[in-house]
Amino acid sequence: MALHIESLKSHLGSFLQPVASAASSLYQEELVLREPDMAVTTDQEFLAARSEGFLLTQIGISGDEQGDIALVLNVSNASLLSGKQDAPEEEAIRQSAESEGLQQRETENVQAMLGAMTQAFTDQLTSLHSVTLSFLMEDPQLVASPRSASAFFDSSQDRLLQLSFPMSLGEQELDPLYCLIPETLVDLSGLEQEGETQEGQGKQEEETPEGEKAPGNTPSADLTREELQEILDTSQQEEEEEEEGSGADDDSASDAGDEPESGSGEEAGKEDEEEEDEGEGVDPEVLRNTLNQSVRYGEEELGDLLGKSLELTEDTFTVKSKSAILSEHQDKLVVTKLLVKGERHGEIHALFSMGDAILLGGTLLMIPEEEINKKVKQTNFGDDEADAFGEIINIWTGALSKVFEEYYPRKLNIKKDRMEPMAPARMETESPDPFPDGEYLLVSYKMQFGTRALGNLEMVFPLSVLDITSKQKQEIVDQAKGVNTQAPPAVAILSENREANKAISAILDGMGFEICYITFRENIKDKIRPYNVAAVLLILEEVTEKNLAKLIKLQSLLRSKYPAIAAAPNWTRPQVIQAIKYGAQDIVNTPPDSEVVRNKFREFAPEQHSTVE
């Protein structure tokens, strides 16, 4: 049965990031794929629209669905992407991109990139959906002239879905990557109806009297503050609900501010009582030392069991929400629930990638390495591998329990409960599985098994189980950021407009902010680490699709840890909505109005503590 166009649209977002990340691993810069434009076409219509040669890669699909799709890259794009893999001088890349045709080496490099994308797409598809599909990528073919090309598919008259993926590498915008899908694999009726609607709207706009602006395209300078706030509130409502998670109680307290003063006083009194009831808690450094000791003990036990060293080095020690923890995983996981008894009661969860679980379980079963690698590739986590991995978890849990019972200030007994495979993309924040919504201490260890680098082992601890108070939680968060919390809040400015930069910087400096200037050419995370960053400001010379896409890149680099505000001249309502969609929390017009800028940044100002993590 052909895939419906609406279903395709709803699922594309979950595939773009992992597919682009797989390709980015071949480069020193980040490759970004954005949501595609969709159109109905045919072989001949597509060829007629091409002005230069291209590299054609066909992919055969077998299994629950059968057919072929085609990936198309312009020759200049293919040459540049190949050159960036080999990383020669920029001049050599430019000359290669300007030359006609492609060398064998260039074709192989592009094939490696498309192969990485196809594999990532397959992995993501099978992790999210119970389908049986195989993708066989043929060798790329160079089509020197679109005018002389023959049809890609059986009939040049068959209709195709054309997906045009905007693409950039580092700061360089590239031509789109085209994907052509026959109508036998996708139902195009939904797209045709949408096209008819847009055509009707286009005619209506043509009939609009001259001098009248179409609704929704008014520059934001003409929007009232209430209208802009409505756009911002509506666009961000769902994201804020997910991010706040267990902070719903805080929202309730805020809402109580609208009640009579006596009610507010009661709420404040309750909060004070809760803070008093927290007690002294446990010093985070004591917790870190206890965990490190359990790791050393576990490494020794597991090394003896597996016959090969398993080394763990701490990678992450911070507080995160459930949604933030799960959003960092694309592939299937094996999640183990550990029961905690003693002076505290609760549950701990251990997260392993399924590939690592198969590898470790297979090693314990003494399965030949070649067969283990095949099982890992197929994500074949059978009963035997699951039982063997369960034994490994038992050893790890025993080490954890032994150390926490003997050395931790709150004596905790930890025991393995149940273990099951899970797909992170299917786990809903509101669901109690694999653990309820809320904030957790996330401790992540990089694993090295013999000479082989594995993924991370993640331990998810409820703060109450460890007796971590609110104050101690904040210490952990601040330490993870590497910031000096005694320093004044800072605004990181990524600027392309020097005049707007100077004007806004002067306003922010007058509010007491430190200013950290950053560019995409730098290691942004290292650059901002010494600062107590409260917000990030992206200043654009003009609002274009290419410039707005930088918000996606910025949020990806900083993992959406800081609120982003975009500044540019002449915003329109659709552009504001697009900026919010791409990750902006707010927008500012340039040249800036001093009072507007102060209002936008007042919540982050030195006299107020930022709650952003």
# chains A, B, ... in the order shown; residues from 1 in each chain; ligands from 1
>>> residues_around(residues="Ala566 in chain A", least_positions_apart="3", cutoff="7 Å", atoms="only C-alpha atoms", output="PDB file with N, CA, C and O atoms, in the first residue's frame")
ATOM      1  N   LEU A 537      22.103  35.548  21.152  1.00  0.00           N
ATOM      2  CA  LEU A 537      21.495  36.479  20.214  1.00  0.00           C
ATOM      3  C   LEU A 537      22.119  36.288  18.833  1.00  0.00           C
ATOM      4  O   LEU A 537      23.331  36.430  18.673  1.00  0.00           O
ATOM      5  N   LEU A 538      21.306  35.939  17.846  1.00  0.00           N
ATOM      6  CA  LEU A 538      21.774  35.792  16.465  1.00  0.00           C
ATOM      7  C   LEU A 538      21.317  37.025  15.691  1.00  0.00           C
ATOM      8  O   LEU A 538      20.119  37.263  15.530  1.00  0.00           O
ATOM      9  N   ILE A 539      22.279  37.831  15.209  1.00  0.00           N
ATOM     10  CA  ILE A 539      21.959  39.052  14.465  1.00  0.00           C
ATOM     11  C   ILE A 539      22.165  38.779  12.975  1.00  0.00           C
ATOM     12  O   ILE A 539      23.256  38.405  12.547  1.00  0.00           O
ATOM     13  N   ALA A 584      13.949  29.868  17.640  1.00  0.00           N
ATOM     14  CA  ALA A 584      14.051  31.168  18.319  1.00  0.00           C
ATOM     15  C   ALA A 584      12.972  31.277  19.388  1.00  0.00           C
ATOM     16  O   ALA A 584      11.842  30.858  19.184  1.00  0.00           O
ATOM     17  N   ASP A 586      12.364  34.360  20.684  1.00  0.00           N
ATOM     18  CA  ASP A 586      11.825  35.695  20.474  1.00  0.00           C
ATOM     19  C   ASP A 586      12.563  36.326  19.305  1.00  0.00           C
ATOM     20  O   ASP A 586      13.585  35.795  18.838  1.00  0.00           O
ATOM     21  N   ILE A 587      12.045  37.475  18.823  1.00  0.00           N
ATOM     22  CA  ILE A 587      12.725  38.208  17.747  1.00  0.00           C
ATOM     23  C   ILE A 587      12.847  39.680  18.113  1.00  0.00           C
ATOM     24  O   ILE A 587      12.069  40.206  18.920  1.00  0.00           O
ATOM     25  N   VAL A 588      13.839  40.330  17.505  1.00  0.00           N
ATOM     26  CA  VAL A 588      14.079  41.762  17.732  1.00  0.00           C
ATOM     27  C   VAL A 588      14.266  42.414  16.366  1.00  0.00           C
ATOM     28  O   VAL A 588      14.892  41.825  15.480  1.00  0.00           O
TER      29      VAL A 588
END
>>> residues_around(residues="range 304-320 of chain A", least_positions_apart="5", cutoff="10 Å", atoms="only C-alpha atoms", output="PyMOL selection string")
chain A and resi 243+284+288+291-292+295-296+298-299+325-326+360-366+391-392+395+438-454+456-463+473-481+613
>>> write_last_selection(atoms="C-alpha atoms", output="PDB file, in the first residue's frame")
ATOM      1  CA  GLU A 243      10.478  21.091  28.497  1.00  0.00           C
ATOM      2  CA  PRO A 284      27.471  16.125  45.006  1.00  0.00           C
ATOM      3  CA  ARG A 288      30.600  11.555  42.348  1.00  0.00           C
ATOM      4  CA  LEU A 291      29.971   6.460  41.653  1.00  0.00           C
ATOM      5  CA  ASN A 292      33.610   6.493  40.560  1.00  0.00           C
ATOM      6  CA  VAL A 295      32.797   2.039  38.389  1.00  0.00           C
ATOM      7  CA  ARG A 296      36.303   0.871  39.295  1.00  0.00           C
ATOM      8  CA  GLY A 298      32.466  -2.917  38.262  1.00  0.00           C
ATOM      9  CA  GLU A 299      35.240  -2.662  35.661  1.00  0.00           C
ATOM     10  CA  ILE A 325      17.549  12.473  28.037  1.00  0.00           C
ATOM     11  CA  LEU A 326      15.511  10.538  25.483  1.00  0.00           C
ATOM     12  CA  LEU A 360      28.660  -7.615  25.206  1.00  0.00           C
ATOM     13  CA  GLY A 361      26.108 -10.425  25.466  1.00  0.00           C
ATOM     14  CA  GLY A 362      27.562 -12.145  22.399  1.00  0.00           C
ATOM     15  CA  THR A 363      31.069 -11.889  23.828  1.00  0.00           C
ATOM     16  CA  LEU A 364      29.955 -13.581  27.047  1.00  0.00           C
ATOM     17  CA  LEU A 365      28.423 -16.372  24.920  1.00  0.00           C
ATOM     18  CA  MET A 366      31.745 -16.619  23.026  1.00  0.00           C
ATOM     19  CA  GLU A 391      24.026 -11.478  33.622  1.00  0.00           C
ATOM     20  CA  ILE A 392      26.361  -8.578  32.789  1.00  0.00           C
ATOM     21  CA  ILE A 395      27.378  -7.954  37.871  1.00  0.00           C
ATOM     22  CA  GLY A 438      10.613  14.845  35.757  1.00  0.00           C
ATOM     23  CA  GLU A 439      14.211  15.868  36.411  1.00  0.00           C
ATOM     24  CA  TYR A 440      16.950  13.274  36.896  1.00  0.00           C
ATOM     25  CA  LEU A 441      20.649  13.096  37.575  1.00  0.00           C
ATOM     26  CA  LEU A 442      22.157  11.779  34.342  1.00  0.00           C
ATOM     27  CA  VAL A 443      25.548  10.108  34.678  1.00  0.00           C
ATOM     28  CA  SER A 444      26.947   8.969  31.337  1.00  0.00           C
ATOM     29  CA  TYR A 445      30.091   6.888  30.872  1.00  0.00           C
ATOM     30  CA  LYS A 446      32.000   6.369  27.650  1.00  0.00           C
ATOM     31  CA  MET A 447      32.829   2.685  27.221  1.00  0.00           C
ATOM     32  CA  GLN A 448      35.998   1.133  25.783  1.00  0.00           C
ATOM     33  CA  PHE A 449      35.879  -2.639  25.328  1.00  0.00           C
ATOM     34  CA  GLY A 450      39.399  -3.873  24.683  1.00  0.00           C
ATOM     35  CA  THR A 451      40.497  -1.808  21.668  1.00  0.00           C
ATOM     36  CA  ARG A 452      36.929  -1.168  20.559  1.00  0.00           C
ATOM     37  CA  ALA A 453      35.138   2.099  21.371  1.00  0.00           C
ATOM     38  CA  LEU A 454      31.505   1.547  22.312  1.00  0.00           C
ATOM     39  CA  ASN A 456      27.717   5.307  26.402  1.00  0.00           C
ATOM     40  CA  LEU A 457      26.334   3.643  29.499  1.00  0.00           C
ATOM     41  CA  GLU A 458      23.816   6.043  31.017  1.00  0.00           C
ATOM     42  CA  MET A 459      22.528   5.914  34.591  1.00  0.00           C
ATOM     43  CA  VAL A 460      19.323   7.844  35.319  1.00  0.00           C
ATOM     44  CA  PHE A 461      18.862   8.637  39.045  1.00  0.00           C
ATOM     45  CA  PRO A 462      15.840  10.347  40.640  1.00  0.00           C
ATOM     46  CA  LEU A 463      17.206  13.189  42.789  1.00  0.00           C
ATOM     47  CA  LYS A 473      20.956  20.168  42.073  1.00  0.00           C
ATOM     48  CA  GLN A 474      21.803  23.688  40.932  1.00  0.00           C
ATOM     49  CA  GLU A 475      25.452  23.146  41.904  1.00  0.00           C
ATOM     50  CA  ILE A 476      25.538  20.054  39.665  1.00  0.00           C
ATOM     51  CA  VAL A 477      23.946  21.937  36.768  1.00  0.00           C
ATOM     52  CA  ASP A 478      26.314  24.897  37.097  1.00  0.00           C
ATOM     53  CA  GLN A 479      29.359  22.659  37.367  1.00  0.00           C
ATOM     54  CA  ALA A 480      28.259  20.755  34.236  1.00  0.00           C
ATOM     55  CA  LYS A 481      28.072  24.034  32.351  1.00  0.00           C
ATOM     56  CA  GLU A 613      19.685  24.914  32.027  1.00  0.00           C
TER      57      GLU A 613
END
>>> residues_around(residues="Pro434 in chain A", least_positions_apart="6", cutoff="12 Å", atoms="only C-alpha atoms", output="ChimeraX atom specification")
/A:322-323,325-326,333-338,347-351,418-424,426-428,460
>>> atom_distance(atom1="CA of Ser51 in chain A", atom2="CA of Asp68 in chain A")
24.3 Å
>>> atom_distance(atom1="CA of Asp139 in chain A", atom2="CA of Ala78 in chain A")
14.1 Å
>>> closest_residue(among="A:Ile414, A:Ala579, A:Leu177, A:Ala48", to="Arg344 in chain A", atoms="only C-alpha atoms")
A:Ile414
>>> residues_around(residues="range 403-405 of chain A", least_positions_apart="3", cutoff="12 Å", atoms="only C-alpha atoms", output="short mmCIF file (atom, residue, chain, number, x, y, z; two decimals) with N, CA and C atoms, in the first residue's frame")
data_model
loop_
_atom_site.label_atom_id
_atom_site.label_comp_id
_atom_site.auth_asym_id
_atom_site.auth_seq_id
_atom_site.Cartn_x
_atom_site.Cartn_y
_atom_site.Cartn_z
N VAL A 286 30.61 13.95 47.08
CA VAL A 286 30.57 12.62 47.71
C VAL A 286 29.88 11.63 46.77
N LEU A 287 28.80 12.06 46.14
CA LEU A 287 28.10 11.20 45.19
C LEU A 287 29.01 10.84 44.02
N ARG A 288 29.71 11.82 43.48
CA ARG A 288 30.60 11.56 42.35
C ARG A 288 31.68 10.54 42.73
N ASN A 289 32.26 10.73 43.91
CA ASN A 289 33.31 9.80 44.36
C ASN A 289 32.76 8.38 44.56
N THR A 290 31.53 8.29 45.10
CA THR A 290 30.91 6.97 45.29
C THR A 290 30.70 6.28 43.95
N LEU A 291 30.20 7.03 42.97
CA LEU A 291 29.97 6.46 41.65
C LEU A 291 31.28 6.02 41.00
N ASN A 292 32.31 6.85 41.13
CA ASN A 292 33.61 6.49 40.56
C ASN A 292 34.15 5.22 41.19
N GLN A 293 33.96 5.06 42.48
CA GLN A 293 34.43 3.86 43.16
C GLN A 293 33.65 2.63 42.67
N SER A 294 32.34 2.79 42.46
CA SER A 294 31.55 1.66 41.96
C SER A 294 31.96 1.30 40.54
N VAL A 295 32.34 2.29 39.76
CA VAL A 295 32.80 2.04 38.39
C VAL A 295 34.08 1.22 38.39
N ARG A 296 35.04 1.62 39.24
CA ARG A 296 36.30 0.87 39.30
C ARG A 296 36.06 -0.59 39.70
N TYR A 297 35.15 -0.77 40.65
CA TYR A 297 34.84 -2.11 41.13
C TYR A 297 34.13 -2.91 40.02
N GLY A 298 33.19 -2.25 39.34
CA GLY A 298 32.47 -2.92 38.26
C GLY A 298 33.36 -3.27 37.09
N VAL A 340 15.61 0.32 44.24
CA VAL A 340 16.41 0.85 45.34
C VAL A 340 15.64 0.71 46.64
N LYS A 341 16.29 0.12 47.66
CA LYS A 341 15.72 0.00 49.00
C LYS A 341 16.77 0.44 50.02
N GLY A 342 16.37 0.57 51.26
CA GLY A 342 17.29 1.03 52.30
C GLY A 342 16.79 2.32 52.88
N GLU A 343 17.68 3.31 53.03
CA GLU A 343 17.27 4.60 53.58
C GLU A 343 16.46 5.42 52.59
N ARG A 344 16.49 5.04 51.34
CA ARG A 344 15.68 5.67 50.30
C ARG A 344 15.06 4.57 49.45
N TRP A 396 27.09 -5.65 37.15
CA TRP A 396 27.20 -4.19 37.29
C TRP A 396 26.38 -3.70 38.48
N THR A 397 25.15 -4.22 38.60
CA THR A 397 24.27 -3.81 39.70
C THR A 397 24.86 -4.21 41.05
N GLY A 398 25.48 -5.40 41.12
CA GLY A 398 26.11 -5.85 42.36
C GLY A 398 27.21 -4.91 42.80
N ALA A 399 28.02 -4.46 41.83
CA ALA A 399 29.11 -3.51 42.15
C ALA A 399 28.53 -2.20 42.65
N LEU A 400 27.47 -1.74 42.00
CA LEU A 400 26.84 -0.48 42.37
C LEU A 400 26.27 -0.57 43.79
N TYR A 408 28.14 5.26 50.73
CA TYR A 408 27.28 6.42 50.51
C TYR A 408 26.61 6.81 51.83
N PRO A 409 26.48 8.11 52.12
CA PRO A 409 25.88 8.54 53.39
C PRO A 409 24.45 8.00 53.61
N ARG A 410 23.72 7.77 52.52
CA ARG A 410 22.40 7.14 52.63
C ARG A 410 22.57 5.69 52.15
N LYS A 411 22.47 4.75 53.04
CA LYS A 411 22.73 3.35 52.68
C LYS A 411 21.65 2.85 51.71
N LEU A 412 22.07 2.49 50.52
CA LEU A 412 21.14 2.08 49.47
C LEU A 412 21.45 0.66 49.01
N ASN A 413 20.40 -0.14 48.93
CA ASN A 413 20.52 -1.49 48.38
C ASN A 413 19.90 -1.47 46.98
N ILE A 414 20.67 -1.90 45.98
CA ILE A 414 20.23 -1.80 44.58
C ILE A 414 20.16 -3.19 43.97
N LYS A 415 19.03 -3.48 43.32
CA LYS A 415 18.83 -4.81 42.76
C LYS A 415 18.18 -4.71 41.38
N VAL A 465 16.01 9.89 45.40
CA VAL A 465 16.65 8.63 45.80
C VAL A 465 18.06 8.87 46.31
N LEU A 466 18.74 9.85 45.73
CA LEU A 466 20.11 10.16 46.13
C LEU A 466 20.18 11.20 47.23
#
>>> residues_around(residues="Phe381 in chain A", least_positions_apart="3", cutoff="10 Å", atoms="only C-alpha atoms", output="list in words")
Val334, Met354, Gly355, Ala357, Ile358, Leu359, Gly361, Gly362, Lys375, Val376, Gln378, Asp384, Glu385, Ala386, Asp387, Phe389 and Pro421 of chain A
>>> closest_residue(among="A:Glu514, A:Ala22, A:Asn77, A:Gln575", to="Phe54 in chain A", atoms="only C-alpha atoms")
A:Asn77
>>> closest_residue(among="A:Glu65, A:Asp123, A:Asp37, A:Glu138", to="Ser164 in chain A", atoms="only C-alpha atoms")
A:Asp37
>>> atom_distance(atom1="CA of Arg573 in chain A", atom2="CA of Leu33 in chain A")
24.2 Å
>>> select_by_dssp(residues="range 289-414 of chain A", states="alpha helix (DSSP H)", output="PyMOL selection string")
chain A and resi 289-306+322-327+354-364+369-377+383-407
>>> write_last_selection(atoms="C-alpha atoms", output="mmCIF file, in the first residue's frame")
data_model
loop_
_atom_site.group_PDB
_atom_site.id
_atom_site.type_symbol
_atom_site.label_atom_id
_atom_site.label_comp_id
_atom_site.auth_asym_id
_atom_site.auth_seq_id
_atom_site.Cartn_x
_atom_site.Cartn_y
_atom_site.Cartn_z
ATOM 1 C CA ASN A 289 33.309 9.799 44.361
ATOM 2 C CA THR A 290 30.914 6.974 45.291
ATOM 3 C CA LEU A 291 29.971 6.460 41.653
ATOM 4 C CA ASN A 292 33.610 6.493 40.560
ATOM 5 C CA GLN A 293 34.427 3.865 43.162
ATOM 6 C CA SER A 294 31.552 1.664 41.965
ATOM 7 C CA VAL A 295 32.797 2.039 38.389
ATOM 8 C CA ARG A 296 36.303 0.871 39.295
ATOM 9 C CA TYR A 297 34.838 -2.115 41.131
ATOM 10 C CA GLY A 298 32.466 -2.917 38.262
ATOM 11 C CA GLU A 299 35.240 -2.662 35.661
ATOM 12 C CA GLU A 300 37.276 -5.271 37.494
ATOM 13 C CA GLU A 301 34.327 -7.660 37.901
ATOM 14 C CA LEU A 302 33.198 -7.354 34.272
ATOM 15 C CA GLY A 303 36.737 -7.634 32.919
ATOM 16 C CA ASP A 304 37.097 -10.981 34.685
ATOM 17 C CA LEU A 305 33.707 -12.133 33.399
ATOM 18 C CA LEU A 306 34.211 -11.124 29.761
ATOM 19 C CA LYS A 322 13.135 12.980 30.738
ATOM 20 C CA SER A 323 12.505 14.489 27.307
ATOM 21 C CA ALA A 324 16.067 15.864 27.114
ATOM 22 C CA ILE A 325 17.549 12.473 28.037
ATOM 23 C CA LEU A 326 15.511 10.538 25.483
ATOM 24 C CA SER A 327 15.895 13.127 22.701
ATOM 25 C CA MET A 354 21.089 -2.232 21.690
ATOM 26 C CA GLY A 355 24.240 -2.660 19.569
ATOM 27 C CA ASP A 356 26.447 -2.565 22.682
ATOM 28 C CA ALA A 357 24.117 -4.953 24.517
ATOM 29 C CA ILE A 358 24.326 -7.445 21.623
ATOM 30 C CA LEU A 359 28.119 -7.111 21.476
ATOM 31 C CA LEU A 360 28.660 -7.615 25.206
ATOM 32 C CA GLY A 361 26.108 -10.425 25.466
ATOM 33 C CA GLY A 362 27.562 -12.145 22.399
ATOM 34 C CA THR A 363 31.069 -11.889 23.828
ATOM 35 C CA LEU A 364 29.955 -13.581 27.047
ATOM 36 C CA GLU A 369 33.267 -11.768 16.314
ATOM 37 C CA GLU A 370 32.106 -11.845 12.689
ATOM 38 C CA GLU A 371 28.734 -13.275 13.717
ATOM 39 C CA ILE A 372 28.427 -10.741 16.563
ATOM 40 C CA ASN A 373 29.030 -7.886 14.128
ATOM 41 C CA LYS A 374 26.323 -9.280 11.849
ATOM 42 C CA LYS A 375 23.859 -9.453 14.758
ATOM 43 C CA VAL A 376 24.754 -5.874 15.756
ATOM 44 C CA LYS A 377 24.136 -4.630 12.213
ATOM 45 C CA ASP A 383 16.869 -14.499 23.851
ATOM 46 C CA ASP A 384 20.387 -15.912 24.320
ATOM 47 C CA GLU A 385 22.015 -12.488 23.941
ATOM 48 C CA ALA A 386 19.406 -10.954 26.252
ATOM 49 C CA ASP A 387 20.050 -13.569 28.960
ATOM 50 C CA ALA A 388 23.813 -13.113 28.690
ATOM 51 C CA PHE A 389 23.512 -9.317 28.807
ATOM 52 C CA GLY A 390 21.204 -9.671 31.822
ATOM 53 C CA GLU A 391 24.026 -11.478 33.622
ATOM 54 C CA ILE A 392 26.361 -8.578 32.789
ATOM 55 C CA ILE A 393 23.794 -6.151 34.255
ATOM 56 C CA ASN A 394 23.614 -8.298 37.402
ATOM 57 C CA ILE A 395 27.378 -7.954 37.871
ATOM 58 C CA TRP A 396 27.205 -4.191 37.288
ATOM 59 C CA THR A 397 24.272 -3.813 39.700
ATOM 60 C CA GLY A 398 26.106 -5.846 42.356
ATOM 61 C CA ALA A 399 29.106 -3.513 42.154
ATOM 62 C CA LEU A 400 26.840 -0.478 42.374
ATOM 63 C CA SER A 401 24.931 -1.854 45.371
ATOM 64 C CA LYS A 402 28.073 -2.932 47.245
ATOM 65 C CA VAL A 403 29.636 0.530 47.084
ATOM 66 C CA PHE A 404 26.418 2.456 47.846
ATOM 67 C CA GLU A 405 25.707 0.265 50.863
ATOM 68 C CA GLU A 406 29.206 0.673 52.294
ATOM 69 C CA TYR A 407 30.240 4.213 51.415
#
>>> residues_around(residues="range 180-185 of chain A", least_positions_apart="6", cutoff="8 Å", atoms="only C-alpha atoms", output="ChimeraX atom specification")
/A:1-3,65-71,158-163
>>> closest_residue(among="A:Met113, A:Leu125, A:Cys179, A:Leu80", to="Lys332 in chain A", atoms="only C-alpha atoms")
A:Leu125
>>> closest_residue(among="A:Ile5, A:Leu174, A:Leu55, A:Leu540", to="Met38 in chain A", atoms="only C-alpha atoms")
A:Ile5
>>> closest_residue(among="A:Gly583, A:Pro574, A:Pro530, A:Pro436", to="Ser321 in chain A", atoms="only C-alpha atoms")
A:Pro436
